[in-house]
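To start, the structure itself, in structure tokens.
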Amino acid sequence: MAGARGRLVDAYGHGVLPGDLGIGAFEALLPGAAAPGTTLFDSPAGFAVRRWCPPLLGLEPHCSPARYLARRRELGAYEAARLLLRGTGIRAYLVDTGEPGDLTPPKELGAAGSAAAYEIVRLEPLAQQVADTSGTVDCFLANLAESVHGAALSAVGFSCAAEALVDGPPPSHGPPGPVEARYAAARWLATRRIGERPADPVLLRHLVWHALAGGLPLALRHRQDGPGPAAVAGFLRATSGLGTDVVLLPGPAHVRSAALLAADLPHVCLAIGGDPAEALSRAPFGKVLYAGGAVGLPELYVSGARGFLAALDRLVGERVAAGEWSAADGQRVAALVGEGNARRVYRLPGVVGRRGH
């Protein structure tokens, strides 16, 4: 092991479901979509879960899904989650609390995993909650600013959908003016339903720039089928010099463009799961973070972390064996990517991986 195992910070994930699950409900939480008549247990995600998770619950690797879920129910949902999360090697979780559903909050996730846990506040539901309790446009805008400021006191970062910030003409790169923001808020409030989250790009840009002013890192969520990071390059350049880091969360198809932006802009990083080889071939090593993106199942934290660490180990081992990196440099890169970069960017205790540490 190149020095990363047991030293991971997961820079982006979600809570897990607290109750017992049947086989159908469990499979529905695996990523991907199975063809009719097939199963997601026969997928990369399903095989990874069956490889890494059964031994943590006292079973042999690759046991059948039915046997695994029977053991899970036998232990109970909390004990199974505790055993799984404590087998990930994750020492700190950064949890986006904006996903719908009855998911465990950061404190409970951290307690189950015997790790630190911190909140990333999703901006869209924050605006929705403010709108549900604000009677006028002026009241909404004032309460929104106050809520963003209040959230920044306890959170370590914010997140927003990247598609809200896709570049238009140059004025769209920066914050909207007060009149433009007020008109956007009025339009949305006049037509929205209770519980509806905002999608208006002007209103979301207003919200994002409020969040940036607080100095906490902003995580930009990229849908796999949505625009890639290159589509927000104008916004990213407009935010340079603010002293606020922007963390891109690209899907696998967008890792290359995210890494190129991270290489070009000092305040831009990227957080990825899976194989880090492409990111580390293009971005400075201090710009790449681990983010498993797990939601719903503690098993996804396990398989994501184990897969990432295995790929990172292979990469470091190959570079060292080829003489491209020294062993000490390989260990330092593994420490930066696995833990140190996330601690530095999100200002968590225990920054590691600097030269000489």
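The chains in the structure tokens are called A, B, ... from first to last as shown; in each chain the residues are counted from 1, and the ligands are counted from 1 in the order shown.
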Report as CSV the residues of region 256-323 of chain A within 8 Å of region 85-107 of chain A, each with its shortest atom pair and distance in Å (one decimal), using only C-alpha atoms, ordered by chain and increasing residue number.
```
residue,atom,partner,partner_atom,distance
A:Gly296,CA,A:Leu103,CA,6.8
A:Pro298,CA,A:Leu85,CA,6.2
A:Glu299,CA,A:Leu85,CA,7.9
A:Tyr301,CA,A:Thr88,CA,6.6
A:Val302,CA,A:Thr88,CA,4.8
A:Ala305,CA,A:Thr88,CA,6.0
A:Arg306,CA,A:Thr88,CA,7.0
```
Write a file of the selected residues as a compact mmCIF listing (two decimals), in the first residue's frame, keeping all heavy atoms.
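Result saved to selection32.txt:
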```
# COMPACT_ATOMS: atom_id res chain seq x y z
N GLY A 296 -27.31 6.64 0.24
CA GLY A 296 -28.28 5.59 0.55
C GLY A 296 -27.71 4.35 1.19
O GLY A 296 -28.21 3.88 2.21
N PRO A 298 -24.48 2.25 2.89
CA PRO A 298 -23.10 2.29 3.40
C PRO A 298 -22.17 1.44 2.56
O PRO A 298 -20.97 1.69 2.51
CB PRO A 298 -23.25 1.74 4.83
CG PRO A 298 -24.54 0.99 4.86
CD PRO A 298 -25.42 1.67 3.86
N GLU A 299 -22.71 0.42 1.89
CA GLU A 299 -21.88 -0.43 1.01
C GLU A 299 -21.19 0.40 -0.07
O GLU A 299 -20.08 0.04 -0.51
CB GLU A 299 -22.76 -1.51 0.36
CG GLU A 299 -23.15 -2.65 1.27
CD GLU A 299 -24.37 -2.37 2.14
OE1 GLU A 299 -24.90 -1.23 2.11
OE2 GLU A 299 -24.79 -3.29 2.85
N TYR A 301 -20.03 3.40 0.23
CA TYR A 301 -18.84 4.00 0.82
C TYR A 301 -17.69 2.99 0.83
O TYR A 301 -16.54 3.34 0.56
CB TYR A 301 -19.13 4.47 2.25
CG TYR A 301 -19.73 5.85 2.33
CD1 TYR A 301 -21.07 6.04 2.68
CD2 TYR A 301 -18.96 6.98 2.07
CE1 TYR A 301 -21.62 7.30 2.77
CE2 TYR A 301 -19.51 8.25 2.15
CZ TYR A 301 -20.84 8.42 2.49
OH TYR A 301 -21.37 9.68 2.57
N VAL A 302 -18.00 1.74 1.15
CA VAL A 302 -16.97 0.70 1.20
C VAL A 302 -16.39 0.46 -0.19
O VAL A 302 -15.17 0.52 -0.41
CB VAL A 302 -17.54 -0.62 1.77
CG1 VAL A 302 -16.49 -1.72 1.71
CG2 VAL A 302 -18.03 -0.44 3.19
N ALA A 305 -14.43 3.48 -1.67
CA ALA A 305 -13.12 3.71 -1.06
C ALA A 305 -12.13 2.63 -1.44
O ALA A 305 -10.97 2.91 -1.79
CB ALA A 305 -13.27 3.79 0.46
N ARG A 306 -12.56 1.35 -1.39
CA ARG A 306 -11.64 0.26 -1.72
C ARG A 306 -11.19 0.33 -3.18
O ARG A 306 -10.01 0.11 -3.51
CB ARG A 306 -12.30 -1.08 -1.44
CG ARG A 306 -12.61 -1.33 0.04
CD ARG A 306 -11.35 -1.44 0.89
NE ARG A 306 -11.66 -1.72 2.28
CZ ARG A 306 -11.75 -2.93 2.81
NH1 ARG A 306 -11.58 -3.99 2.04
NH2 ARG A 306 -12.01 -3.08 4.09
```
Quiz item: What residues in region 227-342 of chain A get the DSSP label strand (DSSP E)? Please answer as number ranges by chain.
Solution: A: 246-249, 268-272, 288-290
Just the selected residues (N, CA and C atoms), exported as a tab-separated table (two decimals), in the first residue's frame, please.
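Result file out_7.tsv:
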```
chain	number	residue	atom	x	y	z
A	246	VAL	N	-13.04	26.50	-5.55
A	246	VAL	CA	-14.15	25.83	-6.22
A	246	VAL	C	-13.72	24.39	-6.50
A	247	VAL	N	-14.55	23.44	-6.06
A	247	VAL	CA	-14.25	22.02	-6.21
A	247	VAL	C	-15.20	21.43	-7.24
A	248	LEU	N	-14.68	21.00	-8.38
A	248	LEU	CA	-15.49	20.39	-9.42
A	248	LEU	C	-15.76	18.93	-9.06
A	249	LEU	N	-17.01	18.50	-9.24
A	249	LEU	CA	-17.41	17.12	-9.00
A	249	LEU	C	-17.86	16.52	-10.33
A	268	VAL	N	-9.15	26.29	-8.42
A	268	VAL	CA	-10.03	25.21	-8.86
A	268	VAL	C	-9.39	23.86	-8.58
A	269	CYS	N	-10.16	22.96	-7.96
A	269	CYS	CA	-9.74	21.58	-7.69
A	269	CYS	C	-10.79	20.65	-8.29
A	270	LEU	N	-10.50	19.35	-8.29
A	270	LEU	CA	-11.53	18.40	-8.66
A	270	LEU	C	-11.53	17.25	-7.66
A	271	ALA	N	-12.72	16.72	-7.40
A	271	ALA	CA	-12.90	15.62	-6.46
A	271	ALA	C	-13.55	14.48	-7.22
A	272	ILE	N	-12.93	13.30	-7.18
A	272	ILE	CA	-13.35	12.19	-8.03
A	272	ILE	C	-13.37	10.89	-7.25
A	288	VAL	N	-6.19	17.33	-6.58
A	288	VAL	CA	-7.08	16.16	-6.75
A	288	VAL	C	-7.48	15.63	-5.39
A	289	LEU	N	-8.81	15.50	-5.16
A	289	LEU	CA	-9.38	15.00	-3.92
A	289	LEU	C	-10.16	13.71	-4.20
A	290	TYR	N	-10.39	12.94	-3.16
A	290	TYR	CA	-11.26	11.77	-3.29
A	290	TYR	C	-12.68	12.16	-2.92
```
Practice problem: Would you please work out which residue, of A:Tyr346, A:Tyr78, A:Tyr12, A:Tyr68, is nearest to Ala294 (chain A) when using only C-alpha atoms? | Solution: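 Closest residue, counting only C-alpha atoms: A:Tyr12.
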Practice problem: Show which residues sit within 8 Å of Ala186 (chain A), as a PyMOL selection string. Count only C-alpha atoms, and ignore same-chain residues fewer than 4 positions away. | Solution: chain A and resi 137+182+190
Export of the given selection (N, CA and C atoms) as a PDB file, in the first residue's frame:
```pdb
ATOM      1  N   VAL A 137     -40.844  39.555  -1.714  1.00  0.00           N
ATOM      2  CA  VAL A 137     -39.557  39.448  -2.402  1.00  0.00           C
ATOM      3  C   VAL A 137     -38.442  40.025  -1.540  1.00  0.00           C
ATOM      4  N   ARG A 182     -33.583  40.829  -8.107  1.00  0.00           N
ATOM      5  CA  ARG A 182     -34.917  41.043  -7.542  1.00  0.00           C
ATOM      6  C   ARG A 182     -36.002  40.575  -8.510  1.00  0.00           C
ATOM      7  N   ALA A 190     -43.544  34.082  -7.591  1.00  0.00           N
ATOM      8  CA  ALA A 190     -44.910  34.220  -8.102  1.00  0.00           C
ATOM      9  C   ALA A 190     -45.453  32.920  -8.688  1.00  0.00           C
TER      10      ALA A 190
END
```
Self-check item: Expected answer as a ChimeraX atom specification: helix (DSSP H, G or I) residues in region 29-78 of chain A
Solution: /A:44-52,54-57,65-75,77-78
Quiz item: If you measure from CA of Pro284 (chain A) to CA of Gly174 (chain A), what distance in Å do you get, rounded to one decimal?
Solution: 26.5 Å
Quiz item: Which is closer to Pro65 (chain A) than all the others in A:Val121, A:Ile23, A:Ala77, A:Val232, using only C-alpha atoms?
Solution: A:Ile23
Quiz prompt | All residues 12 Å or closer to Phe235 (chain A), only C-alpha atoms, same chain fewer than 4 positions away omitted, as a PyMOL selection string | solution = chain A and resi 162-175+205+208-209+212+220+229-231+239-240+246+261+265+268
Quiz item: Taking only C-alpha atoms into account, which of A:Leu218, A:Leu84, A:Ala283, A:Cys139 comes nearest Thr244 (chain A)?
Solution: A:Leu218
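Between CA of Ala211 (chain A) and CA of Val179 (chain A) there is a distance of 18.9 Å.
Closest to Arg347 (chain A) among A:Phe47, A:Tyr118, A:Phe41, A:Trp52 is A:Tyr118, based on only C-alpha atoms.
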Quiz item: Between A:Leu309, A:Ala219, A:Ala181, A:Leu109, which has the minimum distance to Val202 (chain A) (counting only C-alpha atoms)?
Solution: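 Result for the nearest residue to Val202 (chain A): A:Ala181.
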Practice problem: Have a look at A:Pro198, A:Pro178, A:Pro276, A:Gly15 and name the one nearest to Ala142 (chain A); count only C-alpha atoms. | Solution: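 Result for the nearest residue to Ala142 (chain A): A:Pro178.
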